[in-house]
Amino acid sequence: MISKDKLKENLRAVREKAPLVHNITNYVAMNFSANALLAIGASPVMAHAAEEVAEMSLAAGALVINIGTLDAEWVESIIIAGKTKHESGGVIVFDPVGVGATTYRTETAWKIIEECKPGIIRGNASEIMALINADIKSKGVDSSCCSEDAVESAIKLAERTGAIVVISGEIDYITDGHRVETISNGSRMMPRVTAMGCTASSMVGAFAAVSPENLFDASLHAMALMGVAGEIASCNSAGPGSLLTNFIDTLFNITEDQLSETVRQ
C-alpha cells in the first residue's frame, strides 16, 4: 500500500529541490512535459544534440528517454546520454513510445534497454506487452489493450531488465517483478490529450530524481499525482482542451493533503 506520508514527502521534495530533469523526448510532448514539470516545481531541459547530451545528462537529477519521434540521429544521442548516465550511477526513465508499431521502433527500444539499462520503464499496455511478445502490435502510440492485460508482461519485463515497470491506463500498475501496486485515479478524458503519457514519464523522472534510492515509490508517487491531478482537473473541464490547461493548473495548486486524501489504490 502507498504510504501517504512518503507521498507527501516526495511531492514536497520535488517542490523544494527543483530537480533538473533532462528530457530527450518527442516534438509533440516537449511543451506539455516542460510545463507540467515547471508546475510541480521541477526544472526541465529538452536537449537532444549529440554534442551536449552527455554533459547535460550528468548535470541532471534524472534522464528521461522518449522515442516518440524517432530517427537515427536521436537514437545516437539517446545512446550517448543513456550510457553516460548509467555509468555515473544516475537515474534513467525510458518511455518506449509506439513499440510494436514497427520493427525499427521495437528493435531500437531493446537497443536502448540493453545499452542504457534504464531503472524505470513506463508505457501503455500495448507497449509493455509488445516488448515481451513480438506478436503484439500497437496502434501507433495508442494502446489497444487495457492496462490489466499487461500486468503479466510487466512482471516479466521487470524480471528480465531489473527495472521498475509502470503501465499507465485507466488503472496504473507499478511492479518490480515481485510486488504490484495500483493507482486508480484519473479521467477518461486524459487519453484524449496528446502527450499525457509522455508527461507521466517526465513526472516519474522528477520524483525519481529526489528519491533515487527508491525508484518503486518514486514511480508510484508520480503516477498518483498524475491520476489525482487529472481527476481533479476533469471536474472543471468541458473537454480535452480545457483539461490540458486545468491539469497544469492543478499540478501547480494541489496541496500535499489534497493529494494524499484523494489518491486511490
# chains A, B, ... in the order shown; residues from 1 in each chain; ligands from 1

call {"tool": "residues_around", "arguments": {"residues": "A:Val75", "least_positions_apart": "2", "cutoff": "10 Å", "atoms": "only C-alpha atoms", "output": "list of chain:residue names"}}
result
A:Ile24, A:His48, A:Ala50, A:Ile65, A:Ile67, A:Leu70, A:Asp71, A:Ala72, A:Glu73, A:Ser77, A:Ile78, A:Ile79, A:Ile80, A:Ala81, A:Thr108, A:Ala109, A:Lys111, A:Ile112

call {"tool": "residues_around", "arguments": {"residues": "A:Phe32", "least_positions_apart": "3", "cutoff": "8 Å", "atoms": "only C-alpha atoms", "output": "JSON, numbers by chain"}}
result
{"A": [29, 35, 36, 195, 199]}

call {"tool": "residues_around", "arguments": {"residues": "stretch 207-213 of chain A", "least_positions_apart": "4", "cutoff": "12 Å", "atoms": "only C-alpha atoms", "output": "PyMOL selection string"}}
result
chain A and resi 6-22+37+40-44+59-64+89-93+118-120+164+200-203+217-226

call {"tool": "select_by_dssp", "arguments": {"residues": "stretch 17-264 of chain A", "states": "alpha helix (DSSP H)", "output": "number ranges by chain"}}
result
A: 17, 30-40, 53-59, 72-87, 103-116, 125-132, 151-161, 196-210, 215-234, 240-253, 256-262

call {"tool": "closest_residue", "arguments": {"among": "A:Gly123, A:Asn214, A:Leu58, A:Asn31", "to": "A:Glu87", "atoms": "only C-alpha atoms"}}
result
A:Leu58

call {"tool": "closest_residue", "arguments": {"among": "A:Gly177, A:Cys198, A:Asn253, A:Val99", "to": "A:Asn23", "atoms": "only C-alpha atoms"}}
result
A:Cys198

call {"tool": "closest_residue", "arguments": {"among": "A:Pro96, A:Gly205, A:Pro191, A:Gly197", "to": "A:Ser234", "atoms": "only C-alpha atoms"}}
result
A:Pro191

call {"tool": "select_by_dssp", "arguments": {"residues": "stretch 126-218 of chain A", "states": "strand (DSSP E or B)", "output": "list in words"}}
result
Lys139, Asp142, Ile164, Val165, Val166, Ile167, Ser168, Asp172, Tyr173, Ile174, Thr175, Val180, Glu181, Thr182 and Ile183 of chain A

call {"tool": "closest_residue", "arguments": {"among": "A:Thr182, A:Thr262, A:Thr69, A:Ser168", "to": "A:Val204", "atoms": "only C-alpha atoms"}}
result
A:Ser168

call {"tool": "residues_around", "arguments": {"residues": "A:Thr245", "least_positions_apart": "6", "cutoff": "12 Å", "atoms": "only C-alpha atoms", "output": "tab-separated table (two decimals) with N, CA and C atoms, in the first residue's frame"}}
result
chain	number	residue	atom	x	y	z
A	32	PHE	N	4.23	20.37	-23.41
A	32	PHE	CA	3.36	19.90	-22.33
A	32	PHE	C	4.20	19.36	-21.17
A	35	ASN	N	5.99	22.18	-19.25
A	35	ASN	CA	5.09	22.95	-18.42
A	35	ASN	C	4.62	22.17	-17.20
A	36	ALA	N	4.39	20.87	-17.36
A	36	ALA	CA	3.99	20.04	-16.23
A	36	ALA	C	5.11	19.97	-15.18
A	39	ALA	N	5.27	23.18	-13.36
A	39	ALA	CA	4.12	23.34	-12.47
A	39	ALA	C	4.31	22.65	-11.13
A	190	MET	N	-8.31	11.96	-20.15
A	190	MET	CA	-6.85	12.08	-20.20
A	190	MET	C	-6.23	11.48	-21.46
A	193	VAL	N	-5.86	13.77	-24.56
A	193	VAL	CA	-4.88	14.86	-24.58
A	193	VAL	C	-3.54	14.28	-25.02
A	229	ALA	N	-4.35	14.59	-10.19
A	229	ALA	CA	-4.44	15.88	-10.87
A	229	ALA	C	-5.38	15.80	-12.06
A	230	GLY	N	-5.32	14.71	-12.81
A	230	GLY	CA	-6.22	14.54	-13.94
A	230	GLY	C	-7.67	14.44	-13.51
A	233	ALA	N	-8.78	17.96	-12.26
A	233	ALA	CA	-8.88	18.89	-13.40
A	233	ALA	C	-10.09	18.60	-14.27
A	234	SER	N	-10.44	17.33	-14.41
A	234	SER	CA	-11.56	16.98	-15.29
A	234	SER	C	-12.89	17.50	-14.76
A	236	ASN	N	-13.64	20.35	-13.80
A	236	ASN	CA	-13.89	21.71	-14.29
A	236	ASN	C	-13.60	21.86	-15.78
A	237	SER	N	-13.54	20.73	-16.50
A	237	SER	CA	-13.15	20.76	-17.92
A	237	SER	C	-14.31	20.34	-18.81
A	238	ALA	N	-14.54	21.12	-19.86
A	238	ALA	CA	-15.59	20.81	-20.81
A	238	ALA	C	-15.15	19.79	-21.84
A	239	GLY	N	-13.84	19.63	-21.98
A	239	GLY	CA	-13.29	18.71	-22.96
A	239	GLY	C	-11.79	18.65	-22.84
A	251	LEU	N	-1.69	20.76	-11.09
A	251	LEU	CA	-0.36	20.36	-10.64
A	251	LEU	C	0.29	21.48	-9.81
A	252	PHE	N	0.08	22.70	-10.24
A	252	PHE	CA	0.67	23.85	-9.55
A	252	PHE	C	0.01	24.09	-8.19

call {"tool": "residues_around", "arguments": {"residues": "A:Glu170", "least_positions_apart": "6", "cutoff": "8 Å", "atoms": "only C-alpha atoms", "output": "list of chain:residue names"}}
result
A:Cys146, A:Ser147, A:Ser184, A:Asn185, A:Gly186, A:Ser187, A:Arg188

call {"tool": "closest_residue", "arguments": {"among": "A:Gly82, A:Val151, A:Glu231, A:Lys117", "to": "A:Gln258", "atoms": "only C-alpha atoms"}}
result
A:Glu231

call {"tool": "decode", "arguments": {"residues": "stretch 42-62 of chain A", "atoms": "N, CA, C and O atoms", "output": "PDB file, in the first residue's frame"}}
result
ATOM      1  N   ALA A  42       9.710  21.293 -10.621  1.00  0.00           N
ATOM      2  CA  ALA A  42      10.947  20.751 -11.185  1.00  0.00           C
ATOM      3  C   ALA A  42      11.472  21.682 -12.272  1.00  0.00           C
ATOM      4  O   ALA A  42      10.808  22.633 -12.683  1.00  0.00           O
ATOM      5  N   SER A  43      12.676  21.391 -12.747  1.00  0.00           N
ATOM      6  CA  SER A  43      13.321  22.220 -13.770  1.00  0.00           C
ATOM      7  C   SER A  43      13.584  21.366 -15.008  1.00  0.00           C
ATOM      8  O   SER A  43      14.436  20.477 -14.981  1.00  0.00           O
ATOM      9  N   PRO A  44      12.843  21.598 -16.112  1.00  0.00           N
ATOM     10  CA  PRO A  44      13.023  20.773 -17.310  1.00  0.00           C
ATOM     11  C   PRO A  44      14.085  21.309 -18.252  1.00  0.00           C
ATOM     12  O   PRO A  44      14.287  22.527 -18.358  1.00  0.00           O
ATOM     13  N   VAL A  45      14.762  20.409 -18.935  1.00  0.00           N
ATOM     14  CA  VAL A  45      15.617  20.794 -20.054  1.00  0.00           C
ATOM     15  C   VAL A  45      15.371  19.789 -21.168  1.00  0.00           C
ATOM     16  O   VAL A  45      15.267  18.583 -20.924  1.00  0.00           O
ATOM     17  N   MET A  46      15.201  20.297 -22.383  1.00  0.00           N
ATOM     18  CA  MET A  46      14.932  19.458 -23.546  1.00  0.00           C
ATOM     19  C   MET A  46      16.138  19.566 -24.479  1.00  0.00           C
ATOM     20  O   MET A  46      16.233  20.500 -25.281  1.00  0.00           O
ATOM     21  N   ALA A  47      17.071  18.657 -24.355  1.00  0.00           N
ATOM     22  CA  ALA A  47      18.313  18.718 -25.124  1.00  0.00           C
ATOM     23  C   ALA A  47      18.560  17.377 -25.790  1.00  0.00           C
ATOM     24  O   ALA A  47      18.551  16.343 -25.121  1.00  0.00           O
ATOM     25  N   HIS A  48      18.760  17.390 -27.115  1.00  0.00           N
ATOM     26  CA  HIS A  48      18.983  16.129 -27.810  1.00  0.00           C
ATOM     27  C   HIS A  48      20.161  16.152 -28.780  1.00  0.00           C
ATOM     28  O   HIS A  48      20.396  15.175 -29.489  1.00  0.00           O
ATOM     29  N   ALA A  49      20.931  17.224 -28.815  1.00  0.00           N
ATOM     30  CA  ALA A  49      22.106  17.266 -29.691  1.00  0.00           C
ATOM     31  C   ALA A  49      23.186  16.323 -29.158  1.00  0.00           C
ATOM     32  O   ALA A  49      23.524  16.366 -27.970  1.00  0.00           O
ATOM     33  N   ALA A  50      23.725  15.510 -30.040  1.00  0.00           N
ATOM     34  CA  ALA A  50      24.744  14.538 -29.623  1.00  0.00           C
ATOM     35  C   ALA A  50      25.944  15.208 -28.977  1.00  0.00           C
ATOM     36  O   ALA A  50      26.599  14.620 -28.102  1.00  0.00           O
ATOM     37  N   GLU A  51      26.221  16.462 -29.385  1.00  0.00           N
ATOM     38  CA  GLU A  51      27.397  17.177 -28.889  1.00  0.00           C
ATOM     39  C   GLU A  51      27.272  17.575 -27.417  1.00  0.00           C
ATOM     40  O   GLU A  51      28.271  17.882 -26.778  1.00  0.00           O
ATOM     41  N   GLU A  52      26.048  17.577 -26.847  1.00  0.00           N
ATOM     42  CA  GLU A  52      25.899  18.061 -25.471  1.00  0.00           C
ATOM     43  C   GLU A  52      25.155  17.128 -24.527  1.00  0.00           C
ATOM     44  O   GLU A  52      25.108  17.376 -23.318  1.00  0.00           O
ATOM     45  N   VAL A  53      24.596  16.045 -25.054  1.00  0.00           N
ATOM     46  CA  VAL A  53      23.731  15.231 -24.199  1.00  0.00           C
ATOM     47  C   VAL A  53      24.474  14.539 -23.052  1.00  0.00           C
ATOM     48  O   VAL A  53      23.917  14.364 -21.973  1.00  0.00           O
ATOM     49  N   ALA A  54      25.716  14.156 -23.260  1.00  0.00           N
ATOM     50  CA  ALA A  54      26.459  13.504 -22.187  1.00  0.00           C
ATOM     51  C   ALA A  54      26.656  14.461 -21.015  1.00  0.00           C
ATOM     52  O   ALA A  54      26.389  14.124 -19.859  1.00  0.00           O
ATOM     53  N   GLU A  55      27.081  15.662 -21.330  1.00  0.00           N
ATOM     54  CA  GLU A  55      27.291  16.670 -20.292  1.00  0.00           C
ATOM     55  C   GLU A  55      25.983  17.031 -19.598  1.00  0.00           C
ATOM     56  O   GLU A  55      25.928  17.171 -18.371  1.00  0.00           O
ATOM     57  N   MET A  56      24.925  17.174 -20.380  1.00  0.00           N
ATOM     58  CA  MET A  56      23.629  17.545 -19.812  1.00  0.00           C
ATOM     59  C   MET A  56      23.085  16.446 -18.922  1.00  0.00           C
ATOM     60  O   MET A  56      22.525  16.708 -17.854  1.00  0.00           O
ATOM     61  N   SER A  57      23.251  15.209 -19.347  1.00  0.00           N
ATOM     62  CA  SER A  57      22.718  14.098 -18.558  1.00  0.00           C
ATOM     63  C   SER A  57      23.405  13.994 -17.202  1.00  0.00           C
ATOM     64  O   SER A  57      22.773  13.634 -16.205  1.00  0.00           O
ATOM     65  N   LEU A  58      24.685  14.319 -17.158  1.00  0.00           N
ATOM     66  CA  LEU A  58      25.411  14.273 -15.891  1.00  0.00           C
ATOM     67  C   LEU A  58      24.981  15.383 -14.946  1.00  0.00           C
ATOM     68  O   LEU A  58      25.006  15.230 -13.726  1.00  0.00           O
ATOM     69  N   ALA A  59      24.567  16.511 -15.516  1.00  0.00           N
ATOM     70  CA  ALA A  59      24.137  17.643 -14.685  1.00  0.00           C
ATOM     71  C   ALA A  59      22.751  17.432 -14.103  1.00  0.00           C
ATOM     72  O   ALA A  59      22.397  18.028 -13.078  1.00  0.00           O
ATOM     73  N   ALA A  60      21.944  16.575 -14.742  1.00  0.00           N
ATOM     74  CA  ALA A  60      20.544  16.408 -14.359  1.00  0.00           C
ATOM     75  C   ALA A  60      20.363  15.384 -13.245  1.00  0.00           C
ATOM     76  O   ALA A  60      21.154  14.456 -13.091  1.00  0.00           O
ATOM     77  N   GLY A  61      19.268  15.562 -12.508  1.00  0.00           N
ATOM     78  CA  GLY A  61      18.920  14.585 -11.475  1.00  0.00           C
ATOM     79  C   GLY A  61      18.366  13.308 -12.066  1.00  0.00           C
ATOM     80  O   GLY A  61      18.452  12.242 -11.459  1.00  0.00           O
ATOM     81  N   ALA A  62      17.782  13.411 -13.264  1.00  0.00           N
ATOM     82  CA  ALA A  62      17.250  12.231 -13.953  1.00  0.00           C
ATOM     83  C   ALA A  62      17.269  12.480 -15.450  1.00  0.00           C
ATOM     84  O   ALA A  62      17.145  13.616 -15.910  1.00  0.00           O
TER      85      ALA A  62
END
